[in-house]
$ cat query_17.cif   # mmCIF, C-alpha atoms, pLDDT in the B column; chains and numbers go by the auth columns
data_work
#
loop_
_atom_site.group_PDB
_atom_site.id
_atom_site.type_symbol
_atom_site.label_atom_id
_atom_site.label_comp_id
_atom_site.label_asym_id
_atom_site.label_seq_id
_atom_site.Cartn_x
_atom_site.Cartn_y
_atom_site.Cartn_z
_atom_site.B_iso_or_equiv
_atom_site.auth_seq_id
_atom_site.auth_asym_id
ATOM 1 C CA MET A 1 0.000 0.000 0.000 91.00 272 L
ATOM 2 C CA LYS A 2 1.273 3.461 -0.837 95.00 273 L
ATOM 3 C CA LYS A 3 0.672 6.635 1.120 97.00 274 L
ATOM 4 C CA LEU A 4 0.232 9.860 -0.843 97.00 275 L
ATOM 5 C CA SER A 5 0.351 13.349 0.692 98.00 276 L
ATOM 6 C CA PHE A 6 -1.102 16.572 -0.666 98.00 277 L
ATOM 7 C CA LYS A 7 -1.142 20.223 0.323 98.00 278 L
ATOM 8 C CA THR A 8 -4.781 21.358 0.159 98.00 279 L
ATOM 9 C CA ASN A 9 -7.027 24.365 0.618 98.00 280 L
ATOM 10 C CA ILE A 10 -9.412 22.391 2.871 97.00 281 L
ATOM 11 C CA GLN A 11 -9.839 24.741 5.838 95.00 282 L
ATOM 12 C CA CYS A 12 -12.504 23.406 8.210 95.00 283 L
ATOM 13 C CA SER A 13 -14.928 20.640 9.127 92.00 284 L
ATOM 14 C CA ASN A 14 -17.486 22.085 6.705 95.00 285 L
ATOM 15 C CA CYS A 15 -14.932 21.665 3.895 95.00 286 L
ATOM 16 C CA LEU A 16 -14.325 18.095 5.071 95.00 287 L
ATOM 17 C CA SER A 17 -18.048 17.393 4.818 96.00 288 L
ATOM 18 C CA LYS A 18 -17.857 18.289 1.120 96.00 289 L
ATOM 19 C CA VAL A 19 -14.667 16.447 0.172 97.00 290 L
ATOM 20 C CA GLY A 20 -15.199 13.432 2.463 97.00 291 L
ATOM 21 C CA PRO A 21 -18.033 11.821 0.492 97.00 292 L
ATOM 22 C CA LYS A 22 -16.055 12.144 -2.763 97.00 293 L
ATOM 23 C CA LEU A 23 -13.046 10.397 -1.213 97.00 294 L
ATOM 24 C CA ASN A 24 -15.273 7.766 0.413 97.00 295 L
ATOM 25 C CA GLU A 25 -16.835 6.931 -2.990 96.00 296 L
ATOM 26 C CA GLN A 26 -13.447 5.668 -4.177 95.00 297 L
ATOM 27 C CA ALA A 27 -13.258 1.944 -3.342 94.00 298 L
ATOM 28 C CA GLU A 28 -9.497 2.053 -4.016 96.00 299 L
ATOM 29 C CA ILE A 29 -8.944 4.472 -1.100 96.00 300 L
ATOM 30 C CA TYR A 30 -8.467 2.481 2.096 96.00 301 L
ATOM 31 C CA ASN A 31 -7.886 5.394 4.434 97.00 302 L
ATOM 32 C CA TRP A 32 -7.638 9.160 4.231 97.00 303 L
ATOM 33 C CA ALA A 33 -7.248 12.066 6.649 97.00 304 L
ATOM 34 C CA VAL A 34 -6.765 15.822 6.561 97.00 305 L
ATOM 35 C CA ASP A 35 -4.631 17.484 9.226 97.00 306 L
ATOM 36 C CA LEU A 36 -6.457 20.769 9.768 96.00 307 L
ATOM 37 C CA GLN A 37 -3.855 21.845 12.359 96.00 308 L
ATOM 38 C CA ASP A 38 -1.065 21.688 9.760 96.00 309 L
ATOM 39 C CA PRO A 39 -0.539 25.017 7.910 96.00 310 L
ATOM 40 C CA ASN A 40 -0.557 23.029 4.624 97.00 311 L
ATOM 41 C CA LYS A 41 -3.842 21.289 5.546 97.00 312 L
ATOM 42 C CA THR A 42 -2.180 18.040 4.495 98.00 313 L
ATOM 43 C CA LEU A 43 -4.363 15.312 3.029 98.00 314 L
ATOM 44 C CA THR A 44 -2.920 11.813 3.405 98.00 315 L
ATOM 45 C CA VAL A 45 -4.375 8.972 1.342 98.00 316 L
ATOM 46 C CA GLU A 46 -3.627 5.246 1.502 97.00 317 L
ATOM 47 C CA THR A 47 -4.265 3.336 -1.728 96.00 318 L
ATOM 48 C CA ASN A 48 -2.891 0.459 -3.765 93.00 319 L
ATOM 49 C CA SER A 49 -4.040 1.407 -7.230 94.00 320 L
ATOM 50 C CA LEU A 50 -4.701 5.146 -7.489 95.00 321 L
ATOM 51 C CA ASP A 51 -1.994 7.639 -8.337 95.00 322 L
ATOM 52 C CA ALA A 52 -1.601 11.254 -7.254 97.00 323 L
ATOM 53 C CA GLU A 53 -3.426 12.599 -10.318 97.00 324 L
ATOM 54 C CA ASP A 54 -6.463 10.394 -9.575 96.00 325 L
ATOM 55 C CA ILE A 55 -6.671 11.765 -6.032 97.00 326 L
ATOM 56 C CA ARG A 56 -6.172 15.346 -7.240 97.00 327 L
ATOM 57 C CA LYS A 57 -9.146 14.940 -9.599 97.00 328 L
ATOM 58 C CA VAL A 58 -11.388 13.555 -6.842 97.00 329 L
ATOM 59 C CA VAL A 59 -10.552 16.494 -4.565 98.00 330 L
ATOM 60 C CA LEU A 60 -11.082 18.931 -7.446 97.00 331 L
ATOM 61 C CA LYS A 61 -14.588 17.492 -8.061 96.00 332 L
ATOM 62 C CA ALA A 62 -15.409 18.492 -4.491 96.00 333 L
ATOM 63 C CA GLY A 63 -14.248 22.050 -5.235 97.00 334 L
ATOM 64 C CA PHE A 64 -10.827 21.959 -3.579 98.00 335 L
ATOM 65 C CA ILE A 65 -7.204 21.978 -4.679 98.00 336 L
ATOM 66 C CA ALA A 66 -4.705 19.249 -3.821 98.00 337 L
ATOM 67 C CA THR A 67 -1.017 19.547 -4.723 97.00 338 L
ATOM 68 C CA VAL A 68 1.374 16.640 -4.262 96.00 339 L
ATOM 69 C CA VAL A 69 3.856 17.199 -1.451 92.00 340 L
#
$ encode --input "query_17.cif" --output "structure tokens"
Amino acid sequence: MKKLSFKTNIQCSNCLSKVGPKLNEQAEIYNWAVDLQDPNKTLTVETNSLDAEDIRKVVLKAGFIATVV
């Protein structure tokens, strides 16, 4: 399993409520978390088959930006 990290513009729990369902729809994502205390609002994703671009597109569909760290 690989762990991917992204700098995001997800700022609060309300933002998480928008992006969370999009990430949860992806069967290939086994675990994800956003560190809202981190200045970069780092999103960490555990997956076997998705690559960074796939995750970036999922986050973008929710209206947020994710940049690979």
$ residues_near_point --input "query_17.cif" --point "(6.3, 15.4, -7.1)" --cutoff "12 Å" --atoms "all atoms listed in the file" --output "list in words"
Leu275, Ser276, Phe277, Lys278, Asp322, Ala323, Glu324, Thr338, Val339 and Val340 of chain L
$ resolve_selection --input "query_17.cif" --expression "the PyMOL selection byres ((chain L and resi 279-292) around 6)" --output "MDAnalysis selection string"
chainID L and resid 278 293:295 312 333 336:337
$ residues_around --input "query_17.cif" --residues "L:Glu296" --least-positions-apart "6" --cutoff "12 Å" --atoms "all atoms listed in the file" --output "compact mmCIF listing (two decimals) with C-alpha atoms, in the coordinates of the input"
# COMPACT_ATOMS: atom_id res chain seq x y z
CA VAL L 290 -14.67 16.45 0.17
CA ASN L 302 -7.89 5.39 4.43
CA TRP L 303 -7.64 9.16 4.23
CA ILE L 326 -6.67 11.76 -6.03
CA VAL L 329 -11.39 13.56 -6.84
CA VAL L 330 -10.55 16.49 -4.57
CA LYS L 332 -14.59 17.49 -8.06
CA ALA L 333 -15.41 18.49 -4.49
$ residues_around --input "query_17.cif" --residues "L:Glu299" --least-positions-apart "2" --cutoff "8 Å" --atoms "all atoms listed in the file" --output "number ranges by chain"
L: 297, 301, 318-321
$ residues_around --input "query_17.cif" --residues "L:Val305" --least-positions-apart "2" --cutoff "7 Å" --atoms "only C-alpha atoms" --output "ChimeraX atom specification"
/L:307,312-315
